[in-house]
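This is protein-v7.pdb (PDB, C-alpha atoms, pLDDT in the B column).
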ATOM      1  CA  LYS R   1     -11.201  -2.704   3.947  1.00 87.00           C
ATOM      2  CA  HIS R   2      -7.538  -1.935   3.346  1.00 90.00           C
ATOM      3  CA  SER R   3      -6.353  -4.838   5.491  1.00 94.00           C
ATOM      4  CA  MET R   4      -4.593  -7.405   3.323  1.00 96.00           C
ATOM      5  CA  ARG R   5      -4.516 -10.156   5.947  1.00 97.00           C
ATOM      6  CA  MET R   6      -5.518 -13.678   4.935  1.00 97.00           C
ATOM      7  CA  TYR R   7      -7.027 -15.154   8.079  1.00 96.00           C
ATOM      8  CA  LEU R   8      -7.046 -18.700   6.738  1.00 97.00           C
ATOM      9  CA  ALA R   9      -3.239 -18.587   6.782  1.00 98.00           C
ATOM     10  CA  ASP R  10      -3.300 -17.426  10.414  1.00 97.00           C
ATOM     11  CA  ARG R  11      -5.487 -20.416  11.261  1.00 97.00           C
ATOM     12  CA  VAL R  12      -3.718 -23.240   9.427  1.00 98.00           C
ATOM     13  CA  LYS R  13      -0.137 -22.221   8.558  1.00 98.00           C
ATOM     14  CA  PRO R  14       1.319 -23.197  11.941  1.00 98.00           C
ATOM     15  CA  ASP R  15       0.079 -26.775  11.477  1.00 98.00           C
ATOM     16  CA  LEU R  16       1.310 -26.778   7.880  1.00 98.00           C
ATOM     17  CA  LEU R  17       4.821 -25.778   8.937  1.00 98.00           C
ATOM     18  CA  VAL R  18       4.874 -28.507  11.603  1.00 98.00           C
ATOM     19  CA  ALA R  19       3.952 -31.043   8.922  1.00 98.00           C
ATOM     20  CA  LEU R  20       6.546 -29.726   6.464  1.00 98.00           C
ATOM     21  CA  ASP R  21       9.297 -29.609   9.070  1.00 97.00           C
ATOM     22  CA  ARG R  22       9.018 -33.412   9.354  1.00 96.00           C
ATOM     23  CA  GLU R  23       9.928 -33.784   5.684  1.00 96.00           C
ATOM     24  CA  ARG R  24      13.522 -34.051   4.475  1.00 94.00           C
ATOM     25  CA  TYR R  25      13.265 -31.363   1.848  1.00 95.00           C
ATOM     26  CA  GLY R  26      16.156 -29.911  -0.073  1.00 95.00           C
ATOM     27  CA  GLY R  27      16.534 -27.433  -2.919  1.00 96.00           C
ATOM     28  CA  ASP R  28      13.428 -25.544  -4.013  1.00 97.00           C
ATOM     29  CA  LEU R  29      11.128 -27.425  -1.640  1.00 98.00           C
ATOM     30  CA  ALA R  30      13.186 -26.398   1.373  1.00 98.00           C
ATOM     31  CA  ALA R  31      13.393 -22.819   0.113  1.00 98.00           C
ATOM     32  CA  ALA R  32       9.642 -22.719  -0.556  1.00 98.00           C
ATOM     33  CA  ARG R  33       8.934 -23.977   2.955  1.00 98.00           C
ATOM     34  CA  GLU R  34      11.072 -21.147   4.354  1.00 98.00           C
ATOM     35  CA  LEU R  35       9.215 -18.660   2.171  1.00 98.00           C
ATOM     36  CA  LEU R  36       5.936 -19.712   3.795  1.00 98.00           C
ATOM     37  CA  ARG R  37       7.553 -19.494   7.221  1.00 98.00           C
ATOM     38  CA  SER R  38       8.658 -15.889   6.622  1.00 98.00           C
ATOM     39  CA  TRP R  39       5.508 -14.869   4.714  1.00 98.00           C
ATOM     40  CA  ASP R  40       3.481 -12.262   6.607  1.00 97.00           C
ATOM     41  CA  ASN R  41       0.146 -13.952   5.802  1.00 98.00           C
ATOM     42  CA  THR R  42      -1.012 -11.029   3.687  1.00 97.00           C
ATOM     43  CA  VAL R  43      -2.121 -10.730   0.091  1.00 97.00           C
ATOM     44  CA  ALA R  44      -0.733  -7.254  -0.452  1.00 97.00           C
ATOM     45  CA  ALA R  45       0.289  -6.717  -4.059  1.00 97.00           C
ATOM     46  CA  ASP R  46       4.014  -7.003  -3.272  1.00 97.00           C
ATOM     47  CA  SER R  47       3.675  -9.920  -0.848  1.00 97.00           C
ATOM     48  CA  ARG R  48       5.365 -13.206  -1.763  1.00 98.00           C
ATOM     49  CA  GLY R  49       4.013 -16.483  -0.437  1.00 98.00           C
ATOM     50  CA  GLY R  50       0.278 -16.002  -0.888  1.00 98.00           C
ATOM     51  CA  MET R  51       0.079 -17.576  -4.334  1.00 98.00           C
ATOM     52  CA  LEU R  52       1.994 -20.649  -3.135  1.00 98.00           C
ATOM     53  CA  PHE R  53      -0.200 -20.935  -0.053  1.00 98.00           C
ATOM     54  CA  GLU R  54      -3.444 -20.597  -2.038  1.00 98.00           C
ATOM     55  CA  THR R  55      -2.291 -23.226  -4.559  1.00 98.00           C
ATOM     56  CA  TRP R  56      -1.345 -25.560  -1.699  1.00 98.00           C
ATOM     57  CA  TRP R  57      -4.692 -25.020   0.049  1.00 98.00           C
ATOM     58  CA  ASP R  58      -6.634 -25.816  -3.134  1.00 98.00           C
ATOM     59  CA  ARG R  59      -4.652 -29.036  -3.570  1.00 98.00           C
ATOM     60  CA  TYR R  60      -5.018 -30.009   0.114  1.00 98.00           C
ATOM     61  CA  SER R  61      -8.784 -29.427  -0.109  1.00 98.00           C
ATOM     62  CA  ASP R  62      -9.030 -31.584  -3.234  1.00 98.00           C
ATOM     63  CA  LEU R  63      -7.031 -34.420  -1.675  1.00 98.00           C
ATOM     64  CA  MET R  64      -9.184 -34.372   1.459  1.00 98.00           C
ATOM     65  CA  ASP R  65     -12.120 -35.201  -0.846  1.00 96.00           C
ATOM     66  CA  GLU R  66     -14.890 -33.548   1.197  1.00 92.00           C
ATOM     67  CA  ARG R  67     -13.510 -34.745   4.544  1.00 96.00           C
ATOM     68  CA  GLU R  68     -13.228 -32.203   7.344  1.00 97.00           C
ATOM     69  CA  LEU R  69     -10.292 -29.897   6.555  1.00 98.00           C
ATOM     70  CA  HIS R  70      -9.568 -28.529   9.999  1.00 98.00           C
ATOM     71  CA  ARG R  71      -8.200 -30.075  13.193  1.00 97.00           C
ATOM     72  CA  ILE R  72     -10.954 -28.220  15.063  1.00 97.00           C
ATOM     73  CA  PRO R  73     -13.950 -27.455  12.833  1.00 96.00           C
ATOM     74  CA  TRP R  74     -16.154 -24.417  13.248  1.00 95.00           C
ATOM     75  CA  ARG R  75     -18.220 -24.491  16.429  1.00 96.00           C
ATOM     76  CA  ALA R  76     -21.114 -22.221  17.312  1.00 96.00           C
ATOM     77  CA  ASP R  77     -19.961 -21.988  20.928  1.00 96.00           C
ATOM     78  CA  ASP R  78     -16.505 -20.772  19.844  1.00 96.00           C
ATOM     79  CA  ALA R  79     -17.368 -19.068  16.584  1.00 94.00           C
ATOM     80  CA  VAL R  80     -14.534 -16.511  16.622  1.00 93.00           C
ATOM     81  CA  ALA R  81     -11.647 -18.900  17.298  1.00 93.00           C
ATOM     82  CA  THR R  82     -12.724 -21.766  15.042  1.00 96.00           C
ATOM     83  CA  PRO R  83     -12.068 -23.402  12.626  1.00 96.00           C
ATOM     84  CA  ILE R  84      -8.354 -23.868  13.257  1.00 97.00           C
ATOM     85  CA  GLY R  85      -5.524 -26.205  12.304  1.00 98.00           C
ATOM     86  CA  LEU R  86      -5.308 -29.023   9.776  1.00 98.00           C
ATOM     87  CA  ALA R  87      -7.128 -32.330  10.010  1.00 98.00           C
ATOM     88  CA  SER R  88      -4.361 -34.281   8.251  1.00 98.00           C
ATOM     89  CA  ASP R  89      -0.644 -33.511   8.464  1.00 97.00           C
ATOM     90  CA  SER R  90       0.146 -36.247   5.957  1.00 97.00           C
ATOM     91  CA  VAL R  91      -2.207 -34.871   3.305  1.00 98.00           C
ATOM     92  CA  ALA R  92      -0.928 -31.346   3.976  1.00 98.00           C
ATOM     93  CA  ALA R  93       2.654 -32.488   3.359  1.00 98.00           C
ATOM     94  CA  ALA R  94       1.676 -34.507   0.272  1.00 97.00           C
ATOM     95  CA  ALA R  95       0.036 -31.439  -1.289  1.00 98.00           C
ATOM     96  CA  PHE R  96       3.083 -29.218  -0.872  1.00 98.00           C
ATOM     97  CA  PRO R  97       5.489 -30.494  -3.597  1.00 98.00           C
ATOM     98  CA  TRP R  98       2.613 -30.438  -6.078  1.00 98.00           C
ATOM     99  CA  ALA R  99       1.803 -26.840  -5.102  1.00 98.00           C
ATOM    100  CA  VAL R 100       5.412 -25.713  -5.567  1.00 98.00           C
ATOM    101  CA  ALA R 101       5.542 -27.271  -9.038  1.00 98.00           C
ATOM    102  CA  GLU R 102       2.070 -26.004 -10.010  1.00 98.00           C
ATOM    103  CA  THR R 103       2.726 -22.434  -8.852  1.00 98.00           C
ATOM    104  CA  THR R 104       5.918 -22.430 -10.900  1.00 98.00           C
ATOM    105  CA  ARG R 105       4.154 -23.904 -13.938  1.00 97.00           C
ATOM    106  CA  ARG R 106       1.270 -21.450 -13.881  1.00 96.00           C
ATOM    107  CA  TRP R 107       3.024 -18.229 -12.912  1.00 96.00           C
ATOM    108  CA  GLY R 108       6.722 -18.734 -13.572  1.00 96.00           C
ATOM    109  CA  ALA R 109       8.013 -18.990  -9.997  1.00 98.00           C
ATOM    110  CA  TRP R 110       6.909 -20.465  -6.676  1.00 98.00           C
ATOM    111  CA  ASP R 111       7.791 -17.165  -4.978  1.00 98.00           C
ATOM    112  CA  VAL R 112       5.780 -14.990  -7.388  1.00 98.00           C
ATOM    113  CA  ALA R 113       4.388 -11.761  -5.903  1.00 98.00           C
ATOM    114  CA  TRP R 114       0.623 -11.629  -5.394  1.00 98.00           C
ATOM    115  CA  GLY R 115       0.261  -8.553  -7.603  1.00 98.00           C
ATOM    116  CA  ASP R 116       2.221 -10.116 -10.458  1.00 98.00           C
ATOM    117  CA  VAL R 117      -0.727 -12.487 -10.867  1.00 98.00           C
ATOM    118  CA  ASN R 118      -3.696 -10.501  -9.566  1.00 98.00           C
ATOM    119  CA  ARG R 119      -4.568  -7.284 -11.376  1.00 98.00           C
ATOM    120  CA  VAL R 120      -7.057  -4.473 -11.742  1.00 97.00           C
ATOM    121  CA  ARG R 121      -7.738  -4.005 -15.445  1.00 96.00           C
ATOM    122  CA  ARG R 122     -10.125  -1.330 -16.622  1.00 94.00           C
ATOM    123  CA  GLY R 123      -9.710   0.815 -19.695  1.00 93.00           C
ATOM    124  CA  ALA R 124      -5.989   1.517 -20.055  1.00 94.00           C
ATOM    125  CA  VAL R 125      -5.330   0.642 -16.391  1.00 96.00           C
ATOM    126  CA  ASP R 126      -3.495  -2.614 -15.675  1.00 97.00           C
ATOM    127  CA  VAL R 127      -2.029  -2.562 -12.153  1.00 97.00           C
ATOM    128  CA  PRO R 128      -1.320  -5.038  -9.334  1.00 98.00           C
ATOM    129  CA  VAL R 129      -3.925  -5.373  -6.594  1.00 97.00           C
ATOM    130  CA  GLY R 130      -4.193  -6.932  -3.157  1.00 97.00           C
ATOM    131  CA  GLY R 131      -7.146  -8.868  -1.785  1.00 96.00           C
ATOM    132  CA  CYS R 132      -8.640 -12.350  -2.123  1.00 96.00           C
ATOM    133  CA  ASN R 133     -11.918 -14.202  -1.923  1.00 93.00           C
ATOM    134  CA  GLY R 134     -13.835 -14.540   1.316  1.00 92.00           C
ATOM    135  CA  ALA R 135     -13.269 -18.300   1.512  1.00 93.00           C
ATOM    136  CA  LEU R 136      -9.581 -17.563   2.171  1.00 96.00           C
ATOM    137  CA  GLY R 137     -10.525 -15.258   5.019  1.00 94.00           C
ATOM    138  CA  CYS R 138      -9.760 -11.909   3.428  1.00 95.00           C
ATOM    139  CA  PHE R 139     -11.575  -8.821   4.677  1.00 92.00           C
ATOM    140  CA  ARG R 140     -10.486  -7.071   1.471  1.00 94.00           C
ATOM    141  CA  VAL R 141     -12.698  -9.289  -0.664  1.00 95.00           C
ATOM    142  CA  LEU R 142     -12.001  -9.670  -4.369  1.00 95.00           C
ATOM    143  CA  THR R 143     -13.387 -12.143  -6.850  1.00 95.00           C
ATOM    144  CA  LEU R 144     -10.506 -12.875  -9.217  1.00 96.00           C
ATOM    145  CA  ARG R 145     -11.259 -14.152 -12.728  1.00 96.00           C
ATOM    146  CA  PRO R 146      -8.607 -15.960 -14.825  1.00 96.00           C
ATOM    147  CA  THR R 147      -7.713 -14.413 -18.178  1.00 96.00           C
ATOM    148  CA  ALA R 148      -6.211 -15.711 -21.399  1.00 95.00           C
ATOM    149  CA  ASP R 149      -2.710 -14.458 -20.519  1.00 94.00           C
ATOM    150  CA  GLY R 150      -2.672 -16.382 -17.232  1.00 94.00           C
ATOM    151  CA  LYS R 151      -3.276 -13.389 -14.980  1.00 96.00           C
ATOM    152  CA  ARG R 152      -6.339 -12.977 -12.768  1.00 97.00           C
ATOM    153  CA  VAL R 153      -8.397  -9.784 -12.786  1.00 97.00           C
ATOM    154  CA  ALA R 154     -10.656  -8.313 -10.136  1.00 95.00           C
ATOM    155  CA  ALA R 155     -14.201  -9.014 -11.293  1.00 92.00           C
ATOM    156  CA  GLY R 156     -16.234  -8.571  -8.120  1.00 92.00           C
ATOM    157  CA  GLY R 157     -16.160  -8.140  -4.370  1.00 92.00           C
ATOM    158  CA  ASP R 158     -15.198  -4.805  -2.833  1.00 90.00           C
ATOM    159  CA  GLY R 159     -15.792  -2.095  -5.400  1.00 88.00           C
ATOM    160  CA  TRP R 160     -17.284   0.834  -3.558  1.00 91.00           C
ATOM    161  CA  VAL R 161     -15.780   1.720  -0.184  1.00 93.00           C
ATOM    162  CA  ILE R 162     -16.719   4.768   1.864  1.00 94.00           C
ATOM    163  CA  ALA R 163     -15.677   5.998   5.305  1.00 95.00           C
ATOM    164  CA  ALA R 164     -17.820   8.734   6.859  1.00 96.00           C
ATOM    165  CA  GLU R 165     -17.503  10.862   9.964  1.00 96.00           C
ATOM    166  CA  PHE R 166     -20.721  12.601  10.975  1.00 94.00           C
ATOM    167  CA  GLY R 167     -20.698  16.085  12.475  1.00 93.00           C
ATOM    168  CA  ALA R 168     -21.977  19.576  11.802  1.00 92.00           C
ATOM    169  CA  THR R 169     -20.302  19.180   8.399  1.00 92.00           C
ATOM    170  CA  PRO R 170     -19.878  15.509   7.473  1.00 92.00           C
ATOM    171  CA  ARG R 171     -16.406  14.379   6.407  1.00 94.00           C
ATOM    172  CA  ALA R 172     -15.978  11.363   4.178  1.00 96.00           C
ATOM    173  CA  TYR R 173     -13.667   9.570   1.760  1.00 96.00           C
ATOM    174  CA  SER R 174     -14.683   7.071  -0.901  1.00 96.00           C
ATOM    175  CA  ILE R 175     -13.484   5.015  -3.834  1.00 96.00           C
ATOM    176  CA  LEU R 176     -15.495   3.485  -6.689  1.00 94.00           C
ATOM    177  CA  ALA R 177     -13.259   0.892  -8.294  1.00 92.00           C
ATOM    178  CA  TYR R 178     -15.395   0.371 -11.399  1.00 90.00           C
ATOM    179  CA  GLY R 179     -15.857   4.097 -12.098  1.00 90.00           C
ATOM    180  CA  GLN R 180     -18.953   6.233 -12.557  1.00 90.00           C
ATOM    181  CA  SER R 181     -19.536   5.234 -16.180  1.00 92.00           C
ATOM    182  CA  PRO R 182     -19.773   1.882 -17.983  1.00 92.00           C
ATOM    183  CA  ASP R 183     -18.868   3.716 -21.212  1.00 93.00           C
ATOM    184  CA  SER R 184     -15.268   2.773 -21.986  1.00 93.00           C
ATOM    185  CA  THR R 185     -14.769   6.091 -23.819  1.00 93.00           C
ATOM    186  CA  SER R 186     -15.789   8.156 -20.799  1.00 93.00           C
ATOM    187  CA  ARG R 187     -13.157   9.898 -18.671  1.00 91.00           C
ATOM    188  CA  TRP R 188     -15.077   8.548 -15.645  1.00 92.00           C
ATOM    189  CA  HIS R 189     -14.798   4.903 -16.715  1.00 95.00           C
ATOM    190  CA  ALA R 190     -11.396   3.992 -15.272  1.00 95.00           C
ATOM    191  CA  ASN R 191     -10.270   7.105 -13.410  1.00 94.00           C
ATOM    192  CA  GLN R 192     -10.549   5.465  -9.961  1.00 95.00           C
ATOM    193  CA  ALA R 193      -9.269   1.977 -10.820  1.00 96.00           C
ATOM    194  CA  ALA R 194      -5.586   2.613 -10.052  1.00 96.00           C
ATOM    195  CA  MET R 195      -6.516   4.501  -6.878  1.00 96.00           C
ATOM    196  CA  PHE R 196      -8.510   1.496  -5.680  1.00 95.00           C
ATOM    197  CA  ALA R 197      -5.608  -0.853  -6.377  1.00 96.00           C
ATOM    198  CA  SER R 198      -3.261   1.448  -4.411  1.00 95.00           C
ATOM    199  CA  ASN R 199      -5.638   1.602  -1.412  1.00 94.00           C
ATOM    200  CA  GLU R 200      -6.280   5.300  -1.967  1.00 95.00           C
ATOM    201  CA  MET R 201      -9.533   7.156  -1.393  1.00 95.00           C
ATOM    202  CA  LYS R 202     -10.794  10.547  -2.512  1.00 95.00           C
ATOM    203  CA  PRO R 203     -12.681  13.185  -0.491  1.00 95.00           C
ATOM    204  CA  VAL R 204     -16.448  13.418  -0.739  1.00 95.00           C
ATOM    205  CA  TYR R 205     -17.663  16.994  -1.317  1.00 94.00           C
ATOM    206  CA  TRP R 206     -20.561  17.897   0.955  1.00 91.00           C
ATOM    207  CA  THR R 207     -20.858  21.681   1.142  1.00 92.00           C
ATOM    208  CA  GLU R 208     -22.132  23.935  -1.613  1.00 93.00           C
ATOM    209  CA  ASP R 209     -18.758  25.701  -1.692  1.00 94.00           C
ATOM    210  CA  ASP R 210     -16.852  22.431  -2.091  1.00 94.00           C
ATOM    211  CA  ILE R 211     -19.212  21.241  -4.812  1.00 94.00           C
ATOM    212  CA  ALA R 212     -18.912  24.533  -6.681  1.00 94.00           C
ATOM    213  CA  ALA R 213     -15.117  24.488  -6.418  1.00 95.00           C
ATOM    214  CA  HIS R 214     -14.897  21.004  -7.951  1.00 93.00           C
ATOM    215  CA  THR R 215     -17.685  21.165 -10.537  1.00 93.00           C
ATOM    216  CA  VAL R 216     -16.482  19.930 -13.920  1.00 89.00           C
ATOM    217  CA  GLN R 217     -19.620  20.520 -15.980  1.00 86.00           C
ATOM    218  CA  ARG R 218     -23.114  21.963 -15.530  1.00 86.00           C
ATOM    219  CA  TYR R 219     -26.275  21.287 -17.514  1.00 84.00           C
ATOM    220  CA  ARG R 220     -30.027  21.460 -17.113  1.00 87.00           C
ATOM    221  CA  PRO R 221     -32.456  18.729 -18.172  1.00 89.00           C
ATOM    222  CA  GLY R 222     -33.703  19.369 -21.693  1.00 86.00           C
ATOM    223  CA  THR R 223     -30.532  21.204 -22.753  1.00 79.00           C
ATOM    224  CA  ARG R 224     -27.377  19.832 -24.320  1.00 74.00           C
ATOM    225  CA  PRO R 225     -24.543  19.434 -21.792  1.00 62.00           C
TER
END

Serialized structure, structure tokens:
Amino acid sequence: KHSMRMYLADRVKPDLLVALDRERYGGDLAAARELLRSWDNTVAADSRGGMLFETWWDRYSDLMDERELHRIPWRADDAVATPIGLASDSVAAAAFPWAVAETTRRWGAWDVAWGDVNRVRRGAVDVPVGGCNGALGCFRVLTLRPTADGKRVAAGGDGWVIAAEFGATPRAYSILAYGQSPDSTSRWHANQAAMFASNEMKPVYWTEDDIAAHTVQRYRPGTRP
């Protein structure tokens, strides 16, 4: 769940670069093409290239107008390795200049970092986050909602992640991105949001001793806490 890889880029970027290499680009278009070439195909918060690629993919998909997008579509007999490639090099190349201009228009630069656009916002927390929607092939799935200031905020997807190792005494780590309380005045409302965005997890307390050592408050039903 902490992998920031965008598998769609793994599947189609090689064909995109072949298509773009046929074009006689100069200036920003040539530089943007080289950014995609050097991009590591991740949507980590500090990664540059993902926003340009996503904008290009959206434009390519629109221009294909419900035609098959991939050179080899998904096949049941090769489900892991398909779909792959691009169905139209010419449409892929036509979408690229638009994507460079649109990325710049919307977010100030075609080489904007993923986390400059995509944020975790909860309570007083406003931090960059990695991850993308499942349609882009991310295993770290986030639904990102646009906001009035042009940023996108995590509004769904991965929110509770736990890793457990079973033994005589279980050992586990977890993170709850949206906090234990919906009450914005509660100290438990946003205390895990920044940890989630930083790919951190906290230990789960299993034993009576561990629970006692980390108890913050005790109360009994029918009494005031």

Task: Spatial neighbours of Arg119 of chain R, 8 Å, only C-alpha atoms, chain gap at least 2 places, as number ranges by chain - done: R: 115-117, 121, 126-129, 151-154

TODO: Please evaluate the PyMOL selection byres ((chain R and resi 100) around 9) against the displayed coordinates and give the resulting residues as a ChimeraX atom specification.
DONE: /R:28-29,32,52,55-56,95-99,101-105,109-111

Open item on the list: Using all atoms listed in the file for the distances, tell me which of R:Lys202, R:Arg171, R:Arg218, R:Lys1 is nearest to Gly131 of chain R.
Closed with: R:Lys1

TODO: May I ask which of the residues R:Gly50, R:Arg122, R:Val12, R:Ser90 is the closest one to Thr185 of chain R, counting all atoms listed in the file?
DONE: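 When distances to Thr185 of chain R are compared using all atoms listed in the file, the smallest one comes from R:Arg122.
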
Task: Surrounding residues of Gly157 of chain R excluding itself and chain neighbours under 6 positions, 10 Å, all atoms listed in the file, as a list in words - done: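 Using all atoms listed in the file, the neighbours found are Gly131, Cys132, Asn133, Gly134, Arg140, Val141, Leu142, Thr143 and Leu144 of chain R.
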
Selection export as an mmCIF file, keeping the file's coordinate frame, atoms kept: C-alpha atoms:
data_model
loop_
_atom_site.group_PDB
_atom_site.id
_atom_site.type_symbol
_atom_site.label_atom_id
_atom_site.label_comp_id
_atom_site.auth_asym_id
_atom_site.auth_seq_id
_atom_site.Cartn_x
_atom_site.Cartn_y
_atom_site.Cartn_z
ATOM 1 C CA GLY R 131 -7.146 -8.868 -1.785
ATOM 2 C CA CYS R 132 -8.640 -12.350 -2.123
ATOM 3 C CA ASN R 133 -11.918 -14.202 -1.923
ATOM 4 C CA GLY R 134 -13.835 -14.540 1.316
ATOM 5 C CA ARG R 140 -10.486 -7.071 1.471
ATOM 6 C CA VAL R 141 -12.698 -9.289 -0.664
ATOM 7 C CA LEU R 142 -12.001 -9.670 -4.369
ATOM 8 C CA THR R 143 -13.387 -12.143 -6.850
ATOM 9 C CA LEU R 144 -10.506 -12.875 -9.217
#

Open item on the list: For a test of reading the model, state the distance in Å between atom CA of Phe196 of chain R and atom CA of Val120 of chain R, rounded to one decimal.
Closed with: 8.6 Å

Task: Nearest to Leu136 of chain R, chosen from R:Arg11, R:Gly222, R:Ala163, R:Arg59, with all atoms listed in the file counted in the distances - done: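 The closest residue to Leu136 of chain R is R:Arg11.
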
Task: Two-atom distance - atom CA of Gly150 of chain R, atom CA of Trp107 of chain R (Å) - done: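 Answer for the atom CA of Gly150 of chain R to atom CA of Trp107 of chain R separation: 7.4 Å.
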
- [ ] Record the distance separating atom CA of Trp114 of chain R and atom CA of Trp39 of chain R, expressed in Å with one decimal.
- [x]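 These two atoms are separated by 11.7 Å.
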
Task: Which residue of R:His214, R:Arg5, R:Lys13, R:Arg145 approaches Ala93 of chain R most closely, using all atoms listed in the file - done: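 The shortest atom-to-atom distance to Ala93 of chain R comes from R:Lys13.
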
Open item on the list: Under the PyMOL selection byres ((chain R and resi 37) around 9), which residues of this model are included? Write them out as a PyMOL selection string.
Closed with: chain R and resi 13-14+17+32-36+38-40+49

Evaluate the PyMOL selection byres ((chain R and resi 188) around 12) and record the selected residues as a PDB file with C-alpha atoms, in the coordinates of the input, following the chain and residue labels used in the document.
ATOM      1  CA  ARG R 122     -10.125  -1.330 -16.622  1.00 94.00           C
ATOM      2  CA  GLY R 123      -9.710   0.815 -19.695  1.00 93.00           C
ATOM      3  CA  LEU R 176     -15.495   3.485  -6.689  1.00 94.00           C
ATOM      4  CA  ALA R 177     -13.259   0.892  -8.294  1.00 92.00           C
ATOM      5  CA  TYR R 178     -15.395   0.371 -11.399  1.00 90.00           C
ATOM      6  CA  GLY R 179     -15.857   4.097 -12.098  1.00 90.00           C
ATOM      7  CA  GLN R 180     -18.953   6.233 -12.557  1.00 90.00           C
ATOM      8  CA  SER R 181     -19.536   5.234 -16.180  1.00 92.00           C
ATOM      9  CA  PRO R 182     -19.773   1.882 -17.983  1.00 92.00           C
ATOM     10  CA  ASP R 183     -18.868   3.716 -21.212  1.00 93.00           C
ATOM     11  CA  SER R 184     -15.268   2.773 -21.986  1.00 93.00           C
ATOM     12  CA  THR R 185     -14.769   6.091 -23.819  1.00 93.00           C
ATOM     13  CA  SER R 186     -15.789   8.156 -20.799  1.00 93.00           C
ATOM     14  CA  ARG R 187     -13.157   9.898 -18.671  1.00 91.00           C
ATOM     15  CA  HIS R 189     -14.798   4.903 -16.715  1.00 95.00           C
ATOM     16  CA  ALA R 190     -11.396   3.992 -15.272  1.00 95.00           C
ATOM     17  CA  ASN R 191     -10.270   7.105 -13.410  1.00 94.00           C
ATOM     18  CA  GLN R 192     -10.549   5.465  -9.961  1.00 95.00           C
ATOM     19  CA  ALA R 193      -9.269   1.977 -10.820  1.00 96.00           C
ATOM     20  CA  VAL R 216     -16.482  19.930 -13.920  1.00 89.00           C
TER      21      VAL R 216
END

Quick one: what's the axis-aligned box for segment 37-46 of chain R, all listed atoms, 3 Å on every side, centre and edges in Å to one decimal, as AutoDock Vina command-line options?
--center_x 3.3 --center_y -13.1 --center_z 1.6 --size_x 16.8 --size_y 18.8 --size_z 17.3

Task: Which residue of R:Glu66, R:Asp10, R:Asp89, R:Asp46 approaches Ser198 of chain R most closely, using all atoms listed in the file - done: R:Asp46

Open item on the list: Could you check the closest approach to Ala194 of chain R for each of R:Pro73, R:Gly27, R:Gly130, R:Pro83 and tell me which residue wins, using all atoms listed in the file?
Closed with: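 Closest to Ala194 of chain R, using all atoms listed in the file: R:Gly130.
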